[in-house]
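Q: Got a structure here, written out as structure tokens. Questions coming.
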Amino acid sequence: MAKDYKDTLNMPRTDFPMRGRLPKREPLFQRKWEEKGVFKRLKEREAPLFILHDGPPYSNGHIHIGHALNKALKDFVVRYKALRGYRVSFVLGWDNHGMPIEKAVLDSKKTLKRLKNLLKEKVSDEVKGMVEDVVSSIDEAIKAKEERGFEDPEVKRLIREASRKYAALWVEVQKEEFKRLGVLTDWEDIYLTMDPEIEAKETEVLAKFTEEGYIYRGYMPLPWSRESQSALAMAEIEYYEKESPSLWFLAKSLDNDYYILVWTTTPWTLFGNRAFAFSPGMEYVLFRLPDGRTVVFSAEALDRIRETLGWEGEVVGRKKGTEFEGEKFQHPLFKDRVSPGILADFVSAEEGSGIVHIAPGHGKEDYEIGKVYGLEVFSPVDERGNFTKEADEQTAHPLNVVGLSIEEGGKRAIERLKELGTFVKLGKIRHSYPHDWRYKKPLIFRATSQWFLSLDHKDLRERALKAILNDVKWHPPESINRIYASVKERPDWVLSRQRAWGVFIPAVKCEDCGWETLVPEVMHRLAEDIRAGNSDAWLTEPLDRYLPEGFKCEKCGGTRFSKRYDILDVWFDSGSTCITVLKGRNIGYPADVYLEGWDQHRGWFNASLMVGMAYEGKAPYRTVITHGFVLDEEGRAMSKSLGNVVSPNEVIDKYGADVLRLWVASVEYTQDVRIGEEILKRVVDAYRKIRNTFRYLLSNLYDFTDPLPLEEMLPSDRWALSRLYGVMEEAKRLYEAYEFNRLYRLLYNYVVELSSFYFESLKDRLYTWAPQGRGRRSAQTALYYILQQLLLAFSPIIPHTTEEAWEYAPIKDKPESIALALWEDLPKEFKDEALERDFALLLNMREEVYPALEVLRRDRKLIGQNLDARIEVKPKGEYGRLLERYLPYLKEIFGVSQFVISGEPTGDEKVDGEYGLWAVSHAKGNKCPRCWMWWEDLPEGEVCPKCAAALKGEDHLQRVETDADML
RNA sequence: GGUCCCGUAGCUCAGGUGGUCAGAGCGCGCGGCUGAUAACCGCGAGGUCGGAGGUUCAAGUCCUCCCGGGACCA
């Protein structure tokens, strides 16, 4: 019988599915955004401009979870700014040049296998179509290189050709992956550092720096990768533990009758020895060995050296460090060479002997001190780490090491020491040593001629430091220390690389005297050819095309010149995008936001700052946001060897992009963040809750037409709007502050509150009251605003789900995508602080009685749902007045059938609380078969007065407000 | 080796200048509902705030050292 009444109720109804099926459905919305040109409209509208300049990921593989974190955060910012009405600029970029791609091309076997595997993966037909072309280009380049060698310009051109295609392939792959993440951008408006337009502009940037005197050519030792056959920038170095030789030897003084004791971990650098350094502040001992020889070393190291070398003997004299300056010593390897004693502050006695072998061609400190003493920068090692003829030619007693590796040469050096009788001891030492970041192989220090950008020219460094402190906002604030230190300490920028795949430094070499120079005119002319589409022009065109009329060598007046083929450091490529892209494309300068991982303090943020300051005179960004790295569930870095790598593509395929994005929003990204199965499971739970909330809102608005004016709404609905107002204000504040995890918690906790209290309390009114009565429409009005605001607030985080709900939402004149909607502030009238205070108290009271209801239910089995219950209360203090004021709504708020204020509350279970003396029991009378509420005077089986009115379509609210029983 | 950051319930996170600061949500356990139902509601149990010292009348909150993790630099 009761069942009949169900048809007379207004049950929620919606086609918005409970289950997201995100992996299937999200691509539909992505296609929609693209087809409707959503982003194109956002970037073209008439409004204040907001620029987020994208840091370019390297195009040589699939995206990893860190890329996903990065792009999701950027997308949050951009989507939020768009919602708030800005015209947004967000041009995705890729970094294409550089060793890793060139290496991939040269390492063809491995790469071809990788490309073959790519064909089996889930990539588009477009990508698959590109693979064949890449493969044949690589084949051609390799064949040419084997036949003609790397230095042949045509070989370089072919390598560049293959690299270009290989990079383009991965750009396409990553583009699809970012698309699948839900990034909102114009996919036809991207930038690649290998775009001819950008290469041309970059060449012009270099020309301008040359004109302004920032660029110089220097000869000095730099970390050199034998594998890359290139000098490395600081950003390309990593430190690992390495085992090195620990060599002790003697050098004979030519002025006194003693030897000095020297220690080194790089025996091969002895070929480049040019001096011995002593500490000016240290005392040295003269130590008599049993064999009669006297050896000099640091007094501080006396005990350690005795122990390490097992030396018996006695101190027979002392000398100050300063006394050794200018003393002549025999070169460690060659009798016919002399190495002077010099003084250097960096000499310590913590390791070794307090006397340091100086090779200005093989160490930075050695070079610096060598400059002071006018020592030769001697570096007889070629790009592969093999000795050159200079190693032998420097002496009449050569060791014949030409062509030998530094390891073999080092052995010969030790043999020579033994021949000379100056060998003391050879051991091993483990220490932290610089390695090539790509190959993980130890580096050597080798002096070469390179092009540098001076950081102190025109006070560049000082100006940059000032800008860091005064003009840029750093989020989180601690990152200011990192960027400041990295700018303050960095050495001059080594711009040149001896490779093929990059933007050329079009230096010109005088064939008569060997002088190399940069000619701005050449660079400008070359830029024109590149801009016209020939990135390889420097290789393919004759130099005459670029040299100015009548150009002569400034050193010797010579007129015959050749081209040099060094390329620019890739950090210059990406560092100059603030000019080549932001200015080159007339987007605007500076950008509002740069947002990258905190490793970019010494990378992209640093490089961009240098280029921007030198070129434009101000920092390229107003705000810099940094995020941490993604670790596994145990907080360990991800690595293939640990097998703990979480791939964003797999997460998206399994749970959907919105779940991955919700995870991004849920974590404190300014620190390192964790991801793993359990963490994702929690996020999935949260996602379901949010999705169901949207669904419930939609389902109760299926017949909604117009909002009710605020003054006609019921107190609890006005309270709901007041709460909504506060939450949304806070949400906007948190978006502005980039505090997404707080935002996530704010919104999520709000959703939980809605579901457990407000929605629950509304059920009777929504389901059983007259459909068009004021009570139900008042509730729907609140739900309407909640839905609209909640969708807007969540849309930057979970754009697919909110887009889907948006399509179902009964919002008048809504734009066709939520991404095109405006998130405007709610009317201030919604805010009602007095009402919120009242409800806060009422909710506290609810918490106070609920445990008693639980006892009735669980222990005493007297009731099932709360609607079976009756609450009687004797309020304490002023709370009586509060309850009286809301009397008609208390049943709804407490979710029970009967609520009585009484001087003597009676019931089966009592609670003496802060707000009152409560008594709860089973409700009296009979249960209305329609609304399931209990009524004291209701005849059994009959419908209650409220339902009777509703069935006749009558709005009984007026009576409700005067008669509590009517609710 | 140096510098910096992090370490609060199983998970993700709150806890300005030291004094109800031991919290939230989820998860978990127990119960209800079956008119949001592969949903929804209620109640409850979980933490010596990484460890050890110290400063203080009083310390997740300040200092030192140690352990674990991460980053940066040499």
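We label chains A, B, ... in the order they appear in the structure tokens, count residues from 1 in each chain, and number ligands from 1 in the order shown.
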Define the interface residues of chain B facing chain A as those within 10 Å, counting only C-alpha atoms (C1' of nucleotides), and report them as a VMD selection string.
A: chain B and resid 1 4 to 6 10 to 14 24 to 27 30 to 33 35 to 36 38 to 43 69 to 74
Q: Write out as a list in words each polymer residue whose atoms come within 12 Å of A:Val338, counting only C-alpha atoms (C1' of nucleotides); drop sequence neighbours fewer than 6 positions from it.
A: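 So the residues in contact are Ala251, Lys252, Ser253, Leu254, Asp255, Asn273, Arg274, Ala275, Phe276, Gly326, Glu327, Lys328, Phe329, Gln330, His331, Pro332, Leu375, Gln394 and Thr395 of chain A.
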Q: Write out as a list of chain:residue names which residues come within 8 Å of A:Tyr367 when counting only C-alpha atoms (C1' of nucleotides), dropping same-chain ones fewer than 5 positions away.
A: A:Met220, A:Pro221, A:Ala359, A:Pro360, A:Gly361, A:His362, A:Val377
Q: Keeping only N, CA and C atoms, write the selected residues to a file as a PDB file, in the first residue's frame.
A:
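New file again.pdb:
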```pdb
ATOM      1  N   MET A 220      90.174  28.206 -20.931  1.00  0.00           N
ATOM      2  CA  MET A 220      90.273  27.794 -19.532  1.00  0.00           C
ATOM      3  C   MET A 220      89.756  26.379 -19.363  1.00  0.00           C
ATOM      4  N   PRO A 221      90.172  25.781 -18.271  1.00  0.00           N
ATOM      5  CA  PRO A 221      89.718  24.407 -18.055  1.00  0.00           C
ATOM      6  C   PRO A 221      88.252  24.389 -17.653  1.00  0.00           C
ATOM      7  N   ALA A 359      97.995  22.257 -11.916  1.00  0.00           N
ATOM      8  CA  ALA A 359      97.961  22.096 -13.372  1.00  0.00           C
ATOM      9  C   ALA A 359      96.892  23.048 -13.904  1.00  0.00           C
ATOM     10  N   PRO A 360      97.279  24.248 -14.300  1.00  0.00           N
ATOM     11  CA  PRO A 360      96.291  25.275 -14.673  1.00  0.00           C
ATOM     12  C   PRO A 360      95.375  24.869 -15.816  1.00  0.00           C
ATOM     13  N   GLY A 361      95.762  23.847 -16.547  1.00  0.00           N
ATOM     14  CA  GLY A 361      94.897  23.401 -17.639  1.00  0.00           C
ATOM     15  C   GLY A 361      93.895  22.349 -17.191  1.00  0.00           C
ATOM     16  N   HIS A 362      93.955  21.938 -15.934  1.00  0.00           N
ATOM     17  CA  HIS A 362      93.127  20.805 -15.510  1.00  0.00           C
ATOM     18  C   HIS A 362      92.314  21.048 -14.248  1.00  0.00           C
ATOM     19  N   VAL A 377      98.628  27.842 -19.242  1.00  0.00           N
ATOM     20  CA  VAL A 377      97.447  26.964 -19.206  1.00  0.00           C
ATOM     21  C   VAL A 377      97.722  25.833 -20.191  1.00  0.00           C
TER      22      VAL A 377
END
```
Q: Could you pull out all residues of stretch 368-460 of chain A with a DSSP call of strand (DSSP E) and give them as a PyMOL selection string?
A: chain A and resi 423-436+444-453
Q: As a PyMOL selection string, please: the residues near A:Gly93 (cut-off 8 Å, only C-alpha atoms (C1' of nucleotides), same-chain neighbours under 6 positions excluded).
A: chain A and resi 54-57+190-193
Q: Mind dumping the selected residues with N, CA and C atoms as a short mmCIF file (atom, residue, chain, number, x, y, z; two decimals), in the first residue's frame?
A:
```
data_model
loop_
_atom_site.label_atom_id
_atom_site.label_comp_id
_atom_site.auth_asym_id
_atom_site.auth_seq_id
_atom_site.Cartn_x
_atom_site.Cartn_y
_atom_site.Cartn_z
N ASP A 54 55.36 28.90 -20.51
CA ASP A 54 55.62 27.49 -20.28
C ASP A 54 57.10 27.16 -20.42
N GLY A 55 57.67 26.53 -19.42
CA GLY A 55 59.04 26.05 -19.53
C GLY A 55 59.06 24.80 -20.39
N PRO A 56 59.93 24.76 -21.38
CA PRO A 56 59.86 23.67 -22.36
C PRO A 56 60.48 22.36 -21.87
N PRO A 57 59.71 21.30 -21.84
CA PRO A 57 60.30 19.99 -21.55
C PRO A 57 61.12 19.51 -22.74
N ILE A 190 52.09 26.61 -30.52
CA ILE A 190 53.09 26.13 -29.57
C ILE A 190 54.44 26.70 -29.99
N TYR A 191 55.43 26.53 -29.16
CA TYR A 191 56.77 26.93 -29.62
C TYR A 191 57.76 25.80 -29.46
N LEU A 192 58.66 25.71 -30.43
CA LEU A 192 59.73 24.72 -30.37
C LEU A 192 61.04 25.50 -30.49
N THR A 193 62.02 25.13 -29.66
CA THR A 193 63.27 25.88 -29.77
C THR A 193 63.95 25.62 -31.11
#
```
Q: Excluding B:G18 and its own-chain neighbours fewer than 5 positions away, which residues fall within 12 Å of it when counting only C-alpha atoms (C1' of nucleotides)? Please give them as a ChimeraX atom specification.
A: /B:55-56,58-62
Q: Selection from above, C-alpha atoms (C1' of nucleotides), as a short mmCIF file (atom, residue, chain, number, x, y, z; two decimals), in the first residue's frame, can you write it?
A:
```cif
data_model
loop_
_atom_site.label_atom_id
_atom_site.label_comp_id
_atom_site.auth_asym_id
_atom_site.auth_seq_id
_atom_site.Cartn_x
_atom_site.Cartn_y
_atom_site.Cartn_z
"C1'" U B 55 66.23 26.54 27.15
"C1'" U B 56 61.53 27.87 29.78
"C1'" A B 58 55.23 26.15 29.99
"C1'" A B 59 57.55 23.15 23.48
"C1'" G B 60 54.84 19.67 17.35
"C1'" U B 61 55.78 25.15 18.22
"C1'" C B 62 62.85 27.80 20.23
#
```
Q: Nearest to B:U8: which of B:G68, B:G53, B:G23, B:G46 is it, counting only C-alpha atoms (C1' of nucleotides)?
A: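 That would be B:G23, the residue with the smallest distance to B:U8.
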